[in-house]
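Source file: query_8.csv. Holds: CSV, C-alpha atoms.
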chain,number,residue,atom,x,y,z
A,1,MET,CA,-6.0,97.7,85.9
A,2,GLY,CA,-5.4,97.5,89.7
A,3,GLY,CA,-8.0,99.9,91.1
A,4,ILE,CA,-10.3,102.8,90.7
A,5,PHE,CA,-10.1,105.7,93.1
A,6,ILE,CA,-13.4,107.2,94.3
A,7,PRO,CA,-13.3,110.6,96.0
A,8,VAL,CA,-15.2,110.6,99.3
A,9,ARG,CA,-15.7,113.2,102.1
A,10,SER,CA,-15.6,110.8,105.0
A,11,ILE,CA,-13.7,107.6,104.7
A,12,GLU,CA,-15.6,105.9,107.5
A,13,GLN,CA,-19.0,106.9,106.2
A,14,ALA,CA,-18.1,106.0,102.6
A,15,ARG,CA,-16.7,102.6,103.7
A,16,ASP,CA,-20.0,101.8,105.6
A,17,TRP,CA,-22.2,102.9,102.7
A,18,TYR,CA,-20.3,101.0,99.9
A,19,CYS,CA,-19.9,97.9,102.1
A,20,GLY,CA,-23.7,98.1,102.9
A,21,ILE,CA,-24.8,98.3,99.2
A,22,LEU,CA,-22.3,95.6,98.2
A,23,GLY,CA,-23.2,93.3,101.0
A,24,VAL,CA,-19.6,92.9,102.3
A,25,PRO,CA,-18.4,93.3,105.8
A,26,ALA,CA,-16.6,96.6,106.6
A,27,ASP,CA,-13.8,94.8,108.3
A,28,GLY,CA,-10.8,96.0,106.3
A,29,GLU,CA,-8.3,98.5,107.6
A,30,ILE,CA,-8.4,102.2,106.8
A,31,LEU,CA,-4.9,102.9,105.4
A,32,PHE,CA,-3.0,106.1,106.1
A,33,GLY,CA,-6.2,107.7,107.6
A,34,HIS,CA,-7.8,108.3,104.1
A,35,LEU,CA,-7.9,105.0,102.0
A,36,TYR,CA,-10.2,102.0,102.1
A,37,ILE,CA,-9.8,99.2,99.6
A,38,LEU,CA,-12.9,97.2,98.6
A,39,PRO,CA,-11.6,94.1,96.8
A,40,MET,CA,-14.0,93.2,94.1
A,41,ASN,CA,-14.5,89.5,93.2
A,42,GLY,CA,-12.5,88.8,90.1
A,43,GLY,CA,-12.3,92.5,89.2
A,44,THR,CA,-10.7,95.8,89.8
A,45,ASP,CA,-10.5,97.0,93.4
A,46,LEU,CA,-12.5,100.1,94.4
A,47,ILE,CA,-10.3,102.5,96.4
A,48,LEU,CA,-12.2,105.0,98.5
A,49,ASP,CA,-10.0,108.1,99.1
A,50,SER,CA,-10.9,111.0,101.3
A,51,LYS,CA,-7.7,112.8,100.6
A,52,ILE,CA,-8.6,113.5,97.0
A,53,TYR,CA,-12.2,114.6,97.7
A,54,THR,CA,-13.3,118.0,96.4
A,55,GLY,CA,-16.6,119.0,95.0
A,56,ASP,CA,-14.9,119.3,91.6
A,57,ASN,CA,-13.4,115.8,91.8
A,58,VAL,CA,-16.7,113.8,92.1
A,59,PHE,CA,-17.7,111.7,89.1
A,60,LYS,CA,-20.2,113.8,87.1
A,61,ALA,CA,-20.6,110.8,84.8
A,62,PRO,CA,-20.0,107.1,85.6
A,63,ALA,CA,-16.3,106.2,85.4
A,64,PHE,CA,-17.1,102.5,85.7
A,65,GLN,CA,-20.0,100.1,86.1
A,66,PHE,CA,-21.1,97.5,88.6
A,67,LYS,CA,-22.2,94.3,86.8
A,68,THR,CA,-25.5,92.4,87.4
A,69,ASN,CA,-27.3,89.5,85.9
A,70,ASP,CA,-30.7,90.9,86.8
A,71,ILE,CA,-31.1,94.7,86.2
A,72,LYS,CA,-34.6,94.8,87.6
A,73,GLU,CA,-33.6,93.1,90.8
A,74,ALA,CA,-30.6,95.4,91.1
A,75,TYR,CA,-32.8,98.5,90.6
A,76,ALA,CA,-35.3,97.3,93.3
A,77,TYR,CA,-32.4,96.5,95.7
A,78,MET,CA,-30.9,99.9,95.3
A,79,LYS,CA,-34.3,101.5,95.7
A,80,SER,CA,-34.9,99.5,98.9
A,81,LYS,CA,-31.5,100.8,100.2
A,82,GLN,CA,-32.8,104.4,99.6
A,83,VAL,CA,-30.0,105.1,97.2
A,84,GLU,CA,-30.4,108.2,95.1
A,85,LEU,CA,-31.4,106.8,91.6
A,86,THR,CA,-30.6,109.3,88.9
A,87,THR,CA,-32.1,107.4,86.0
A,88,GLU,CA,-34.7,104.7,85.4
A,89,ILE,CA,-33.6,101.4,83.9
A,90,MET,CA,-32.6,102.4,80.4
A,91,TYR,CA,-33.0,100.0,77.4
A,92,ASP,CA,-33.5,97.2,79.9
A,93,GLN,CA,-29.7,97.3,80.4
A,94,TRP,CA,-28.5,99.9,82.9
A,95,PHE,CA,-29.3,102.7,85.4
A,96,ASN,CA,-27.3,105.4,87.2
A,97,PHE,CA,-27.3,106.4,90.8
A,98,LYS,CA,-25.3,108.6,93.2
A,99,ASP,CA,-23.3,107.8,96.3
A,100,PRO,CA,-23.7,110.0,99.3
A,101,ASP,CA,-20.8,112.2,98.1
A,102,GLY,CA,-22.4,112.9,94.7
A,103,ASN,CA,-20.4,110.5,92.6
A,104,GLN,CA,-22.4,109.3,89.6
A,105,LEU,CA,-22.2,105.5,89.3
A,106,MET,CA,-23.8,102.9,87.0
A,107,ILE,CA,-25.1,99.3,87.3
A,108,CYS,CA,-25.2,97.4,84.0
A,109,LYS,CA,-26.7,94.1,83.0
A,110,CYS,CA,-23.9,91.9,81.6

Could you write out this file's structure as structure tokens?
Amino acid sequence: MGGIFIPVRSIEQARDWYCGILGVPADGEILFGHLYILPMNGGTDLILDSKIYTGDNVFKAPAFQFKTNDIKEAYAYMKSKQVELTTEIMYDQWFNFKDPDGNQLMICKC
């Protein structure tokens, strides 16, 4: 799989938010005025796309997961970033949260 497209309202705001929570510099180029590619270390790229955004297109359920070795540390980190957490840590394995555009996302202990 090459990439996962995430619908976002503002490409600049989404770039800054995702780079902020992932701890990567927002120094990539915005392509065609609506795409920003976040290369993931050894994994599938995240492609932020403001052209495909509508309220109906946001992820109502997580379409993928971010991996972590320490779920409690990841939860505390997201909480410190004031991310909207939509579940507690479940079964000591995963939790869900929303991005600023309402996309439901997941972090999972792997």

Exercise. Counting all atoms listed in the file, figure out which residue out of A:Pro7, A:Gly42, A:Gly2, A:Gly23 gets nearest to Met78 of chain A.
Key: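 Among A:Pro7, A:Gly42, A:Gly2, A:Gly23, it is A:Gly23 that comes nearest to Met78 of chain A.
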
Self-check item: Test item: residues at most 9 Å from His34 of chain A, only C-alpha atoms, excluding those fewer than 6 positions along its chain, as a list of chain:residue names
Solution: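 The residues that qualify are A:Ser10, A:Ile11, A:Glu12, A:Leu48, A:Asp49, A:Ser50, A:Lys51, A:Ile52.
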
Practice problem: One decimal, Å: what's the distance from atom CA of Cys108 of chain A over to atom CA of Arg9 of chain A, could you say? | Solution: 25.8 Å

Practice problem: Give me, please, the distance in Å between atom CA of Met106 of chain A and atom CA of Thr54 of chain A, quoted to one decimal. | Solution: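 Computing the Euclidean distance for atom CA of Met106 of chain A and atom CA of Thr54 of chain A yields 20.7 Å.
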
Practice problem: May I have the residues within 9 Å of Glu84 of chain A as a VMD selection string, using all atoms listed in the file and disregarding those fewer than 3 positions away in the same chain? | Solution: chain A and resid 78 to 79 96 to 100

Exercise. Please indicate the distance in Å from atom CA of Pro25 of chain A to atom CA of Asn57 of chain A, rounded to one decimal place.
Key: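 Calculated distance between atom CA of Pro25 of chain A and atom CA of Asn57 of chain A is 27.0 Å.
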
Quiz prompt | Using all atoms listed in the file: which of A:Ala14, A:Ile71, A:Ala76, A:Ile6 has the shortest distance to Ile47 of chain A | solution = A:Ile6

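For the choices A:Gly102, A:Ile37, A:Ala26, A:Gly20, the atom-to-atom distance to Phe5 of chain A is smallest for A:Ile37 when using all atoms listed in the file.
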
Exercise. Kindly indicate which residue among A:Thr44, A:Ser80, A:Lys72, A:Asp101 lies nearest to Arg15 of chain A, using only C-alpha atoms for the distances.
Key: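 For Arg15 of chain A, the nearest of the candidates is A:Asp101.
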
Practice problem: Have a look at A:Ile4, A:Cys110, A:Leu105, A:Leu31 and name the one nearest to Thr68 of chain A; count all atoms listed in the file. | Solution: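 Checking each candidate against Thr68 of chain A, we get A:Cys110 as the closest.
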
Quiz item: Closest to Leu85 of chain A among A:Tyr18, A:Val8, A:Asn103, A:Gly43, using all atoms listed in the file?
Solution: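 Distance minimum relative to Leu85 of chain A lands on A:Asn103.
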